[in-house]
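Below: target_39.txt (compact mmCIF, C-alpha atoms and all ligand atoms)
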# COMPACT_ATOMS: atom_id res chain seq x y z
CA MET A 1111 25.18 226.17 92.35
CA ILE A 1112 24.41 225.21 88.76
CA HIS A 1113 24.91 221.43 88.55
CA SER A 1114 22.92 218.70 90.26
CA ARG A 1115 24.68 216.90 93.12
CA ALA A 1116 23.90 213.59 91.41
CA TYR A 1117 25.70 214.72 88.23
CA VAL A 1118 28.83 215.84 90.12
CA ASP A 1119 28.92 212.48 91.90
CA GLN A 1120 28.37 210.63 88.63
CA VAL A 1121 31.33 212.36 86.95
CA GLN A 1122 33.53 211.61 89.97
CA VAL A 1123 32.63 207.92 90.03
CA PHE A 1124 33.02 207.61 86.25
CA CYS A 1125 36.53 209.11 86.43
CA ILE A 1126 37.62 207.10 89.46
CA ASN A 1127 36.53 203.91 87.73
CA GLY A 1128 38.95 204.54 84.88
CA GLY A 1129 37.11 207.06 82.69
CA GLY A 1130 36.16 206.73 79.05
CA GLY A 1131 33.61 208.64 76.96
CA LEU A 1132 30.97 210.64 78.84
CA ASP A 1133 29.57 211.48 75.41
CA PRO A 1134 31.02 210.88 71.91
CA ASP A 1135 33.26 214.00 72.24
CA THR A 1136 33.99 214.09 75.94
CA TYR A 1137 36.69 211.68 77.01
CA VAL A 1138 37.92 211.54 80.61
CA VAL A 1139 40.69 209.81 82.58
CA PRO A 1140 40.94 209.34 86.39
CA ALA A 1141 42.67 212.74 86.83
CA SER A 1142 39.91 214.57 84.90
CA PHE A 1143 37.63 215.04 87.89
CA ASP A 1144 40.23 217.02 89.86
CA ALA A 1145 41.16 218.99 86.75
CA ALA A 1146 37.50 219.84 86.17
CA LEU A 1147 36.99 220.86 89.81
CA HIS A 1148 39.98 223.19 89.60
CA ALA A 1149 38.67 224.65 86.34
CA ALA A 1150 35.25 225.23 87.91
CA GLY A 1151 36.78 226.83 91.01
CA ALA A 1152 39.22 229.05 89.14
CA GLY A 1153 36.59 231.65 88.24
CA PRO A 1154 35.39 232.23 91.83
CA CYS A 1155 39.09 232.36 92.89
CA ALA A 1156 39.63 235.06 90.26
CA VAL A 1157 36.59 236.97 91.55
CA ASP A 1158 38.00 236.88 95.10
CA ALA A 1159 41.50 237.88 93.96
CA LEU A 1160 40.18 240.79 91.92
CA GLY A 1161 37.88 241.81 94.74
CA ALA A 1162 40.92 241.94 97.05
CA GLY A 1163 42.68 244.23 94.59
CA ALA A 1164 45.27 241.66 93.49
CA ALA A 1165 45.07 242.65 89.81
CA ASP A 1166 43.18 244.75 87.26
CA ALA A 1167 41.88 241.79 85.24
CA ALA A 1168 42.04 238.01 85.20
CA PHE A 1169 43.01 235.71 82.31
CA VAL A 1170 41.89 232.28 83.47
CA ALA A 1171 43.73 229.53 81.57
CA VAL A 1172 41.86 226.35 82.36
CA ARG A 1173 40.87 223.13 80.66
CA PRO A 1174 38.54 221.33 80.43
CA PRO A 1175 36.42 224.13 78.97
CA GLY A 1176 32.88 224.65 80.22
CA HIS A 1177 30.27 226.41 78.08
CA HIS A 1178 28.60 223.27 76.66
CA ALA A 1179 28.10 221.60 80.06
CA GLU A 1180 24.48 221.58 81.23
CA ARG A 1181 23.01 221.02 84.70
CA SER A 1182 23.27 217.23 84.55
CA CYS A 1183 25.10 216.64 81.30
CA ALA A 1184 28.69 216.69 79.98
CA MET A 1185 29.03 217.77 76.34
CA GLY A 1186 31.60 218.89 73.80
CA PHE A 1187 34.77 218.46 75.94
CA CYS A 1188 33.04 220.23 78.88
CA LEU A 1189 32.44 218.65 82.31
CA PHE A 1190 31.43 221.59 84.50
CA ASN A 1191 30.35 224.98 83.20
CA ASN A 1192 33.20 227.14 84.49
CA VAL A 1193 31.87 230.49 83.28
CA ALA A 1194 28.36 229.73 84.56
CA VAL A 1195 29.74 228.76 87.98
CA THR A 1196 31.56 232.10 88.08
CA ALA A 1197 28.44 234.01 87.04
CA ALA A 1198 26.33 232.18 89.65
CA TYR A 1199 28.92 233.02 92.31
CA LEU A 1200 28.76 236.72 91.40
CA ARG A 1201 24.99 236.61 91.09
CA SER A 1202 24.72 235.23 94.67
CA ARG A 1203 26.45 238.42 95.79
CA GLY A 1204 23.91 240.58 94.02
CA GLU A 1205 26.15 241.50 91.10
CA ARG A 1206 24.89 242.13 87.57
CA VAL A 1207 26.84 239.97 85.16
CA ALA A 1208 27.38 240.07 81.41
CA ILE A 1209 28.77 236.91 79.79
CA VAL A 1210 30.12 237.45 76.30
CA ASP A 1211 30.93 234.20 74.49
CA TRP A 1212 33.21 234.57 71.46
CA ASP A 1213 34.09 230.89 71.21
CA VAL A 1214 33.16 229.76 67.68
CA HIS A 1215 30.57 227.36 69.15
CA HIS A 1216 27.34 228.36 70.84
CA GLY A 1217 27.43 228.01 74.65
CA ASN A 1218 24.24 225.98 75.02
CA GLY A 1219 24.93 225.16 78.68
CA THR A 1220 25.49 228.75 79.71
CA GLN A 1221 22.43 229.94 77.81
CA LYS A 1222 20.24 227.31 79.42
CA THR A 1223 21.53 228.03 82.94
CA PHE A 1224 20.50 231.68 82.83
CA TYR A 1225 17.65 231.57 80.29
CA ARG A 1226 15.09 233.00 82.76
CA ASP A 1227 17.48 235.18 84.79
CA PRO A 1228 17.09 238.97 84.34
CA ASP A 1229 20.45 239.75 86.01
CA VAL A 1230 22.73 237.63 83.84
CA LEU A 1231 23.09 238.71 80.22
CA TYR A 1232 24.31 236.01 77.84
CA VAL A 1233 25.57 237.16 74.45
CA SER A 1234 27.12 234.75 71.96
CA VAL A 1235 28.67 235.23 68.52
CA HIS A 1236 29.18 231.86 66.89
CA GLU A 1237 29.24 229.89 63.66
CA PHE A 1238 25.88 228.55 62.51
CA PRO A 1239 24.87 225.95 61.47
CA PHE A 1240 27.46 224.20 63.63
CA TYR A 1241 27.89 222.16 66.81
CA PRO A 1242 25.89 222.01 69.12
CA GLY A 1243 23.01 223.22 66.91
CA THR A 1244 21.58 225.79 69.30
CA GLY A 1245 21.98 229.58 69.24
CA TRP A 1246 19.61 230.74 66.51
CA PHE A 1247 18.70 234.42 66.84
CA ASP A 1248 15.14 233.62 68.00
CA GLU A 1249 16.49 232.15 71.26
CA ARG A 1250 16.18 235.31 73.36
CA GLY A 1251 15.55 234.23 76.96
CA ASP A 1252 12.23 233.52 78.61
CA GLY A 1253 9.95 234.85 81.37
CA PRO A 1254 11.82 237.41 83.51
CA GLY A 1255 14.94 236.69 81.42
CA ALA A 1256 13.31 237.69 78.10
CA GLY A 1257 15.82 239.66 76.05
CA MET A 1258 18.74 238.66 78.27
CA THR A 1259 19.92 236.03 75.79
CA VAL A 1260 21.32 237.47 72.58
CA ASN A 1261 22.56 235.22 69.76
CA VAL A 1262 24.49 236.28 66.67
CA PRO A 1263 24.73 233.12 64.51
CA LEU A 1264 27.14 233.92 61.66
CA PRO A 1265 27.78 231.67 58.66
CA GLY A 1266 31.10 229.80 58.31
CA GLY A 1267 33.64 231.75 56.30
CA THR A 1268 32.57 235.13 57.72
CA SER A 1269 35.48 237.57 57.32
CA ALA A 1270 37.16 239.16 60.35
CA ASP A 1271 35.83 242.57 59.32
CA SER A 1272 32.24 241.32 59.04
CA TYR A 1273 32.55 239.44 62.33
CA LEU A 1274 33.80 242.54 64.15
CA ALA A 1275 31.21 244.76 62.45
CA ALA A 1276 28.38 242.41 63.53
CA PHE A 1277 29.88 242.38 67.03
CA GLY A 1278 29.90 246.19 66.99
CA ARG A 1279 26.35 246.42 65.75
CA ILE A 1280 24.80 244.04 68.30
CA VAL A 1281 27.08 242.96 71.17
CA MET A 1282 28.54 246.36 71.95
CA PRO A 1283 25.27 248.32 72.27
CA VAL A 1284 23.53 245.47 74.16
CA VAL A 1285 26.31 245.29 76.77
CA ALA A 1286 26.42 249.09 77.07
CA GLN A 1287 22.65 249.23 77.65
CA PHE A 1288 22.76 246.33 80.14
CA GLU A 1289 25.37 248.19 82.27
CA PRO A 1290 27.04 245.16 83.89
CA ASP A 1291 28.95 245.21 87.17
CA TRP A 1292 31.16 242.38 85.90
CA MET A 1293 32.24 241.14 82.48
CA LEU A 1294 32.89 237.43 82.02
CA ILE A 1295 34.24 236.22 78.69
CA SER A 1296 33.83 232.70 77.36
CA ASN A 1297 37.20 233.05 75.71
CA GLY A 1298 37.50 230.50 72.93
CA TYR A 1299 40.06 230.90 70.16
CA ASP A 1300 38.44 228.50 67.72
CA ALA A 1301 37.10 231.41 65.65
CA HIS A 1302 40.75 231.98 64.65
CA ARG A 1303 41.61 231.70 60.95
CA LEU A 1304 44.00 228.79 61.62
CA ASP A 1305 41.69 226.75 63.84
CA PRO A 1306 41.18 223.21 62.48
CA ILE A 1307 37.59 222.99 63.81
CA GLY A 1308 36.07 226.45 63.34
CA GLY A 1309 35.33 228.13 60.03
CA MET A 1310 35.76 231.78 61.05
CA LEU A 1311 38.61 234.03 59.97
CA LEU A 1312 39.71 236.06 63.01
CA GLU A 1313 43.41 236.92 63.46
CA SER A 1314 45.23 236.74 66.80
CA TRP A 1315 45.23 240.53 67.25
CA ASP A 1316 41.45 240.64 66.83
CA PHE A 1317 41.18 238.92 70.22
CA GLY A 1318 43.29 241.72 71.68
CA ALA A 1319 40.83 244.28 70.34
CA LEU A 1320 37.88 242.28 71.69
CA ALA A 1321 39.55 241.94 75.11
CA ARG A 1322 40.31 245.64 75.27
CA TRP A 1323 36.66 246.41 74.52
CA ALA A 1324 35.56 243.95 77.24
CA ALA A 1325 37.82 245.52 79.86
CA ASP A 1326 36.52 248.99 78.99
CA GLN A 1327 32.89 248.02 79.79
CA VAL A 1328 33.37 247.71 83.55
CA PRO A 1329 35.43 249.39 86.29
CA THR A 1330 39.03 248.19 86.72
CA GLY A 1331 39.25 244.73 88.30
CA ARG A 1332 35.86 243.50 87.10
CA VAL A 1333 36.74 241.55 83.94
CA ILE A 1334 37.58 237.85 83.71
CA THR A 1335 38.29 235.79 80.59
CA MET A 1336 37.73 232.04 80.94
CA LEU A 1337 39.46 229.81 78.39
CA GLU A 1338 37.09 227.72 76.27
CA GLY A 1339 38.04 226.16 72.92
CA GLY A 1340 40.90 226.82 70.47
CA TYR A 1341 42.68 223.93 68.78
CA ASP A 1342 45.61 225.37 66.83
CA LEU A 1343 48.38 225.65 69.41
CA GLY A 1344 50.21 228.47 67.62
CA ALA A 1345 46.99 230.49 67.31
CA LEU A 1346 46.16 229.69 70.94
CA THR A 1347 49.54 231.05 72.07
CA GLU A 1348 49.39 234.23 69.98
CA SER A 1349 45.74 234.92 70.73
CA SER A 1350 46.32 234.44 74.47
CA MET A 1351 49.13 236.99 74.37
CA ALA A 1352 46.92 239.40 72.45
CA THR A 1353 44.08 238.91 74.95
CA VAL A 1354 46.33 239.65 77.93
CA GLU A 1355 47.60 242.77 76.16
CA GLY A 1356 44.00 243.78 75.50
CA LEU A 1357 43.03 243.27 79.14
CA ALA A 1358 46.06 245.33 80.17
CA GLY A 1359 44.96 248.10 77.81
CA VAL A 1360 48.22 248.10 75.86
CA VAL A 1361 46.50 247.31 72.56
CA ARG A 1362 46.30 250.37 70.34
CA GLU A 1363 42.76 251.52 69.69
CA THR A 1364 42.13 251.11 66.00
CA SER A 1365 39.07 251.94 63.94
CA TRP A 1366 36.41 249.25 64.35
CA PRO A 1367 34.98 247.81 61.11
CA THR A 1368 31.39 248.91 60.61
CA GLU A 1369 30.20 247.15 57.47
CA VAL A 1370 28.89 243.60 57.55
CA THR A 1371 29.17 242.13 54.05
CA GLY A 1372 28.37 238.88 52.27
CA SER A 1373 26.06 236.27 53.73
CA ALA A 1374 26.67 237.56 57.27
CA GLN A 1375 24.77 240.72 56.39
CA ARG A 1376 21.30 239.22 56.16
CA ILE A 1377 21.65 237.23 59.36
CA THR A 1378 22.94 240.29 61.23
CA ASP A 1379 19.89 242.26 60.07
CA LEU A 1380 17.61 239.45 61.25
CA ALA A 1381 19.37 239.26 64.62
CA VAL A 1382 19.02 243.03 65.08
CA ARG A 1383 15.32 242.82 64.26
CA ALA A 1384 14.83 239.87 66.63
CA GLN A 1385 16.15 241.94 69.53
CA ALA A 1386 14.30 245.16 68.69
CA ALA A 1387 11.75 244.65 71.47
CA TYR A 1388 14.50 244.55 74.10
CA TRP A 1389 17.45 246.65 72.91
CA GLU A 1390 18.00 249.79 70.93
CA LEU A 1391 19.94 248.59 67.92
CA HIS A 1392 20.51 250.04 64.46
ZN ZN B 1401 34.43 226.03 70.76

Could you write out this structure as C-alpha cells?
Ligand SMILES: [Zn+2]
Amino acid sequence: MIHSRAYVDQVQVFCINGGGGLDPDTYVVPASFDAALHAAGAGPCAVDALGAGAADAAFVAVRPPGHHAERSCAMGFCLFNNVAVTAAYLRSRGERVAIVDWDVHHGNGTQKTFYRDPDVLYVSVHEFPFYPGTGWFDERGDGPGAGMTVNVPLPGGTSADSYLAAFGRIVMPVVAQFEPDWMLISNGYDAHRLDPIGGMLLESWDFGALARWAADQVPTGRVITMLEGGYDLGALTESSMATVEGLAGVVRETSWPTEVTGSAQRITDLAVRAQAAYWELH
C-alpha cells in the first residue's frame, strides 16, 4: 500500500543473494526479508486483534524499525515503514489516524507517505539538528494535507521537563483537536537519557506517562505502539515495561511539566507560531 512493488522485490532479491548494506546504516542478511515482512504485517495484525476485542491496547515489539523507510528506499535501519503500513491499512477502512512519533529521530518516511493526506496526522518530537536532517518546524504538510504534519525539533540536551512541556504545549492540543479514531505511536526509546545515539534526557517512566496519555486519546482498543529505535538494552527493557503499564492505565497520573526552558524554549515558540494557521495553540 505504501511501497513500490519494484522496491519490495529489490529488497527480497538483495537479501536472498546474501545481503549486505542497503545504505551505509542499513545492513541485511538473508533472513532480514522475512523479519521485515513480519514487522510490516504486525501492525495490521494488531488492528485486527484489537478490532476483534482481543485486548485493550497493543504493544508491537518488532525489528527492523520502520519510520525512516520511504516508498522505494531503505534508510536508517528501516526496510519497510511498519507504522505507515498500519496507518494505510486503517485509512483504507475509512479511519482517521494520528501517528505520534517520539523516537529521537525524525520519521522522514512516515512524513513523506502522508504529506498530502488530510486524514492522517503525523506529529513528531525529535532532536534537531540530527539524522536524517528533516523535520524542521516549517514542514507542515501540503495541499489537502496542509497542517497535518507537525514537527517539534528540539535541541540535543533538552531536559525531560522541557521535552514533556513542549509535548504538552503542541502535541497534546493538536491531537485533541484532530480527534483521531486510532492512535499509532512510533515508539522509539532513543530519547532515553542512557541511549548511546540520542542526546535527549527522558527517563524510563516518562515513556509510561506518554503511553498513558496516548491511550487516553481514543476509545479502548484503538491504540498501538510500534517499536522503532532505542539502543541501550537496559533502557529499552525498562521503558518497554513503563509503556505497557501506561497503555494498561496503571501509571499514576502525575502533574505534567508546563515550562519549557533553555534553548528548547525559542524553538517551541517558533513551532507554535508555525502551526498557528492550522491549530489553536498557546
Ligand atoms: Zn531513532

Legend entry - Shell of 7 Å around Tyr1225 of chain A, only C-alpha atoms, local chain residues under 2 positions omitted, as a ChimeraX atom specification: /A:1221-1223,1227,1251-1252,1255,1259

Inset, instruction - Using only C-alpha atoms, determine which residues lie at most 7 Å from Val1139 of chain A, disregarding the query and same-chain residues fewer than 4 positions distant; provide the list as a VMD selection string. - result: chain A and resid 1125 1128 to 1130

Where does chain A meet ligand ZN 1401 (chain B) within 9 Å, residue by residue, with the nearest atom pair and distance in Å to one decimal for each, counting only C-alpha atoms and all ligand atoms, listed by chain and rising number, as a tab-separated table?
residue	atom	partner	partner_atom	distance
A:Pro1175	CA	B:ZN1401	ZN	8.7
A:His1177	CA	B:ZN1401	ZN	8.4
A:His1178	CA	B:ZN1401	ZN	8.7
A:Gly1186	CA	B:ZN1401	ZN	8.3
A:Trp1212	CA	B:ZN1401	ZN	8.7
A:Asp1213	CA	B:ZN1401	ZN	4.9
A:Val1214	CA	B:ZN1401	ZN	5.0
A:His1215	CA	B:ZN1401	ZN	4.4
A:His1216	CA	B:ZN1401	ZN	7.5
A:Gly1217	CA	B:ZN1401	ZN	8.2
A:His1236	CA	B:ZN1401	ZN	8.7
A:Tyr1241	CA	B:ZN1401	ZN	8.6
A:Gly1298	CA	B:ZN1401	ZN	5.8
A:Tyr1299	CA	B:ZN1401	ZN	7.5
A:Asp1300	CA	B:ZN1401	ZN	5.6
A:Ala1301	CA	B:ZN1401	ZN	7.9
A:Ile1307	CA	B:ZN1401	ZN	8.2
A:Gly1308	CA	B:ZN1401	ZN	7.6
A:Glu1338	CA	B:ZN1401	ZN	6.3
A:Gly1339	CA	B:ZN1401	ZN	4.2
A:Gly1340	CA	B:ZN1401	ZN	6.5
A:Tyr1341	CA	B:ZN1401	ZN	8.7

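If you look at atom CA of Val1172 of chain A and atom CA of Ile1334 of chain A, they are 12.3 Å away from each other.
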
Inset, instruction - Give me the residues within 9 Å of Pro1140 of chain A as a ChimeraX atom specification, counting only C-alpha atoms and dropping any in the same chain fewer than 2 places off. - result: /A:1122,1124-1129,1138,1142-1144
